[in-house]
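Student: This is the structure I want to talk about, given as structure tokens.
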Amino acid sequence: MSQLLRFLVIAGTLTGYARSLSTFQWPNPLLSYADNQLYEGPLDIVVQGCPLRDNTTISAQWLRIAYHDMSTHDVDSGTGGLDASIMYELDRPQNVGEGMIQSLQDFNGFELTTPFFGMADMIALGAVFAVVGCGGPVIPFSAGRVDATVAGPATVPEPQQDLASHIESFRQQGFNETEMIALVACGHTLGGVRQVDFPVNCNGYLDRCRHKKILYSVSQYLQNTTQDVLVVGPNVTTQSDLRIFSSDGNVYHAKVRTFSPSSSKFSDMNIKSRICSLLSVETFSDTCAALFQRMLNTVPSTVNLTDPITDPFQYVINDPLFSYQNGTFTMLTALRVVNPSASATVNMLWADQQGASFCSSTGCSVQSSRSQPVFFTIVGVAQGFTASRYFFNATINATSSISKFWFEVNNNDGSDPVIVDNGGSGFVIEQDPSLSLFVDVTRSEGIFLETPTTFSEFFKVVVAVLGDATSATASMTGFQSLSAATAPPFTPTTTSISLELDETNPPEGGFIFFTANVSTAVSFLDITANVGSTSYTVNNFNLGAAADFLAFIEVSS
């Protein structure tokens with residue numbers, strides 16, 4: 001049976017795609033990055049197909065760590081929640097499990113955190129992929145969580161606790177009793193219990209500690225055929241699922257009962273005999289999606305999350321990259337278009353710094369130089385979307401310069417072209433700092449340095465500053481996502497990088513050039529230049545993305 005059927009049929013996923021997709025006001029680094037990681041990032045490959053790890057699924061591990069991290073929330077005080085504090089709480093019995101450490105190692109290893117998208121957002125994103133990877137519903141994703149730097153309270157429910165304790169724990173997290181039952185049922189469909197972590201639960205019940213049949217977990221419980229060790233395990237004290245599921249007389253499970261290919265009759269020995277109606281699996285799927293979204297969005301009251309991303313944004317641009325040579329700027333950018341026409345052509349247009357809408361003498365428009373298909377993650381595939389990215393290489397007269405740009409998408413089918421102009425304002429290029437301080441991507445290089453005994457790789461980053469060497473200084477800090485720690489907590493590092501005048505790039509056109517060698521482990525840069533009494537700052541320059549456009553050279557010594 002396919003992984004898709006082993007969870008639940010995705011409710012309503014393939015409907016409604018004729019609707020207009022949303023956009024957002026650029027620049028918005030957080031939404032741009034969140035969309036990119038949700039629909040184009042690499043993280044989903046780990047859970048695609050619901051793979052096993054240690055007698056459970058990786059998806060179960062990723063979902064478990066998200067819940068345990070969220071469990072520090074106190075709805076009364078508005079503190080705690082999904083904030084990556086779990087990294088500081090792994091010594092607690094309630095957080096036992098190699099899967100916790102493995103999950104954090106998974107997230108750290110992909111080097112995807114940024115100054116504005118931290119480990120808490122990674123944990124939430126992992127949970128979204130975990131559910132879809134096992135054939136479950138697409139959970140709308142919001143970003144903007146703030147990583148904690150210390151442990152939260154020890155409030156994760158444990159199997160041996162009584163029902164009253166569980167009800168109170170879930171209440172503090174913001175869930176009532178019915179929602180508690182549903183959330184446990186949803187969460188425990190993705191995997192089982194590792195014997196090495198819970199020997200009291202699993203002793204003699206190895207088969208019941210392996211990952212559970214996802215589609216049938218609820219119906220098996222109702223038919224007395226479940227293998228859930230937290231229902232039928234040898235230790236009555238740790239039968240927490242049984243206590244939670246039956247706490248309402250099985251009313252909730254009657255409502256969400258899923259189809260089973262085996263007998264549709266129930267035992268007459270208890271309340272299950274009164275459950276006679278078969279409801280669609282969509283009921284369970286929709287309920288799980290809604291509760292998982294609430295779980296992932298449970299954050300401290302001081303944290304503001306983005307609006308949920310339910311579909312890929314219709315149009316997303318690459319932040320423009322610049323270079324200056326011989327009196328002209330070169331600007332590189334790209335436009336992603338969702339569900340484009342196969343015959344579509346895309347032009348980029350721009351206005352000069354005086355705001356003129358078109359300047360034929362300098363050619364203020366350019367057709368895309370190339371296009372390529374976008375390969376969406378399992379989320380985009382599950383939703384049935386396709387996309388293409390159109391690339392642009394514009395030559396801009398430095399005197400007339402550029403104040404804003406926009407795009408024209410022509411489907412070449414007789415319909416009017418679609419204008420993509422950032423909600424009417426255009427994609428504005430501020431003269432300061434965008435064209436007074438920038439990383440020059442033509443002068444910058446990737447370097448492969450080879451010696452008889454070693455091989456290293458780094459970036460030579462060249463920064464252009466509008467000013468003269470006698471009055472200008474520049475400084476830079478680098479953000480490195482990958483933690484060198486062998487065990488949690490995994491935290492990023494920020495280092496100061498010295499910028500020196502670049503002797504290989506003499507002043508030109510009013511610009512001076514600074515340079516520094518930067519490790520390829522650095523993904524984001526903050527750059528500051530002081531020219532006399534004027535300061536320019538570029539924050540969160542995505543060096544990892546810019547690296548795709550750098551020339552790489554090999555140097556031997």
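Residues in the structure tokens are numbered from 1 in each chain, the chains being A, B, ... in the order shown, and ligands are numbered from 1 in the order shown.
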Show me, as a PyMOL selection string, the residues that have an atom within 9 Å of region 540-554 of chain A when counting only C-alpha atoms, minus same-chain residues fewer than 5 positions from it.
Tutor: chain A and resi 29+114-116+318-319+321+332+439+441-450+459+479+520-527
Student: Pull the alpha helix (DSSP H) assignments for region 358-395 of chain A out of DSSP run on the backbone, and list those residues as a PyMOL selection string.
Tutor: chain A and resi 378-383
Student: Determine, counting only C-alpha atoms, which protein, DNA and RNA residues have an atom within 12 Å of an atom of Val374 (chain A); residues of the same chain fewer than 3 positions away are not included. Present the result as a VMD selection string.
Tutor: chain A and resid 36 39 to 41 312 335 to 340 371 377 380 to 381 385 to 390
Student: Now that the selection is made, can you save its residues with C-alpha atoms as a PDB file, in the first residue's frame?
Tutor:
ATOM      1  CA  ASN A  36      11.637  29.352  -0.778  1.00  0.00           C
ATOM      2  CA  TYR A  39       8.478  25.069  -1.832  1.00  0.00           C
ATOM      3  CA  GLU A  40      12.062  24.863  -3.101  1.00  0.00           C
ATOM      4  CA  GLY A  41      14.252  23.944  -0.128  1.00  0.00           C
ATOM      5  CA  PRO A 312       3.261  29.215  -3.260  1.00  0.00           C
ATOM      6  CA  LEU A 335      11.108  36.088 -11.452  1.00  0.00           C
ATOM      7  CA  ARG A 336       9.402  32.852 -10.396  1.00  0.00           C
ATOM      8  CA  VAL A 337       5.981  32.363 -11.964  1.00  0.00           C
ATOM      9  CA  VAL A 338       3.609  29.677 -10.675  1.00  0.00           C
ATOM     10  CA  ASN A 339       1.648  27.657 -13.238  1.00  0.00           C
ATOM     11  CA  PRO A 340       3.003  29.637 -16.218  1.00  0.00           C
ATOM     12  CA  SER A 371      14.140  30.179 -18.047  1.00  0.00           C
ATOM     13  CA  THR A 377       9.160  20.134  -2.725  1.00  0.00           C
ATOM     14  CA  GLY A 380       4.132  21.857  -3.972  1.00  0.00           C
ATOM     15  CA  VAL A 381       3.858  18.462  -5.650  1.00  0.00           C
ATOM     16  CA  PHE A 385       1.634  23.278  -8.665  1.00  0.00           C
ATOM     17  CA  THR A 386       4.316  23.864 -11.280  1.00  0.00           C
ATOM     18  CA  ALA A 387       6.531  26.896 -11.782  1.00  0.00           C
ATOM     19  CA  SER A 388       9.260  28.377 -13.946  1.00  0.00           C
ATOM     20  CA  ARG A 389      11.938  30.917 -13.120  1.00  0.00           C
ATOM     21  CA  TYR A 390      12.891  33.599 -15.662  1.00  0.00           C
TER      22      TYR A 390
END
Student: Write out as a ChimeraX atom specification all residues of region 44-206 of chain A that DSSP puts in strand (DSSP E or B) for this structure's backbone.
Tutor: /A:52-53,56-57,74,79,141
Student: Please write the residues from the selection above to a file, keeping C-alpha atoms, as a compact mmCIF listing (two decimals), in the first residue's frame.
Tutor:
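Generated file (again29.txt):
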# COMPACT_ATOMS: atom_id res chain seq x y z
CA LEU A 52 11.99 4.37 8.67
CA ARG A 53 14.66 5.08 11.25
CA THR A 56 9.88 4.34 13.76
CA THR A 57 9.69 6.95 11.02
CA ASP A 74 1.58 28.41 29.27
CA THR A 79 5.05 32.30 27.75
CA PHE A 141 3.18 27.36 7.34
Student: Pick out the closest residue to Ala185 (chain A) from this set: A:Ala398, A:Cys50, A:Leu291, A:Ile65. Count only C-alpha atoms.
Tutor: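 So, comparing all the options, the nearest one is A:Leu291.
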Student: Could you name the residues that touch Asp121 (chain A) at 9 Å or less, counting only C-alpha atoms, but leaving out those on the same chain fewer than 2 positions away, as a PyMOL selection string?
Tutor: chain A and resi 34+82-84+113+117-119+123-126+142-147
Student: Take the residues from that selection and put them in a file with N, CA and C atoms, as a tab-separated table (two decimals), in the first residue's frame.
Tutor:
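Result file is out.tsv:
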chain	number	residue	atom	x	y	z
A	34	ALA	N	10.86	32.02	3.65
A	34	ALA	CA	9.93	30.98	4.09
A	34	ALA	C	9.30	30.28	2.89
A	82	LEU	N	6.63	26.96	20.82
A	82	LEU	CA	7.60	26.43	19.87
A	82	LEU	C	8.68	27.49	19.65
A	83	ASP	N	9.78	27.31	20.37
A	83	ASP	CA	10.84	28.33	20.39
A	83	ASP	C	12.24	27.74	20.39
A	84	ALA	N	12.35	26.45	20.06
A	84	ALA	CA	13.64	25.74	20.02
A	84	ALA	C	14.27	25.58	21.39
A	113	THR	N	19.31	27.76	8.67
A	113	THR	CA	18.90	28.88	9.52
A	113	THR	C	19.56	30.16	9.03
A	117	PHE	N	15.43	33.45	10.42
A	117	PHE	CA	14.72	32.18	10.30
A	117	PHE	C	15.53	31.15	11.08
A	118	GLY	N	15.16	30.96	12.34
A	118	GLY	CA	15.99	30.19	13.24
A	118	GLY	C	15.60	28.73	13.37
A	119	MET	N	16.14	28.08	14.40
A	119	MET	CA	15.89	26.66	14.62
A	119	MET	C	14.42	26.39	14.92
A	123	ILE	N	12.18	23.65	13.00
A	123	ILE	CA	11.42	22.57	13.62
A	123	ILE	C	9.99	22.56	13.09
A	124	ALA	N	9.39	23.75	12.98
A	124	ALA	CA	8.02	23.84	12.45
A	124	ALA	C	7.97	23.42	10.99
A	125	LEU	N	8.94	23.86	10.20
A	125	LEU	CA	8.98	23.47	8.79
A	125	LEU	C	9.16	21.97	8.66
A	126	GLY	N	10.02	21.39	9.50
A	126	GLY	CA	10.21	19.94	9.48
A	126	GLY	C	8.92	19.19	9.76
A	142	SER	N	3.57	29.20	8.83
A	142	SER	CA	3.90	30.57	9.22
A	142	SER	C	5.33	30.60	9.74
A	143	ALA	N	6.02	31.70	9.53
A	143	ALA	CA	7.40	31.86	10.00
A	143	ALA	C	7.48	33.05	10.94
A	144	GLY	N	8.65	33.20	11.56
A	144	GLY	CA	8.87	34.34	12.45
A	144	GLY	C	9.05	33.97	13.90
A	145	ARG	N	9.24	32.69	14.20
A	145	ARG	CA	9.46	32.28	15.58
A	145	ARG	C	10.80	32.82	16.08
A	146	VAL	N	10.90	32.96	17.38
A	146	VAL	CA	12.11	33.48	18.00
A	146	VAL	C	12.73	32.37	18.83
A	147	ASP	N	14.00	32.08	18.58
A	147	ASP	CA	14.68	31.00	19.30
A	147	ASP	C	14.96	31.40	20.74
Student: Could you tell me which of A:Tyr536, A:Phe24, A:Phe405, A:Phe391 comes closest to Pro433 (chain A) if we count only C-alpha atoms?
Tutor: A:Tyr536
Student: Using only C-alpha atoms, which residues sit within 12 Å of Ser533 (chain A) once same-chain residues fewer than 6 positions away are excluded, as a list in words?
Tutor: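 Non-adjacent residues within range: Gly467, Ser471, Ala472 and Thr473 of chain A.
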Student: Those residues with C-alpha atoms, as a tab-separated table (two decimals), in the first residue's frame please?
Tutor:
chain	number	residue	atom	x	y	z
A	467	GLY	CA	33.21	57.46	-2.11
A	471	SER	CA	37.10	59.30	3.65
A	472	ALA	CA	35.59	55.80	3.42
A	473	THR	CA	35.79	52.79	5.72
Student: Suppose you want the space between CA of Asn393 (chain A) and CA of Met331 (chain A); what is it in Å?
Tutor: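 CA of Met331 (chain A) lies at a distance of 5.9 Å from CA of Asn393 (chain A).
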Student: What is the CA of Leu466 (chain A)-CA of Ser436 (chain A) distance in Å, reported with one decimal?
Tutor: 4.9 Å
Student: Check the smallest atom-to-atom distance from each of A:Ile86, A:Ile378, A:Ile402, A:Val538 to Pro42 (chain A) using only C-alpha atoms, then report the winner.
Tutor: A:Ile378
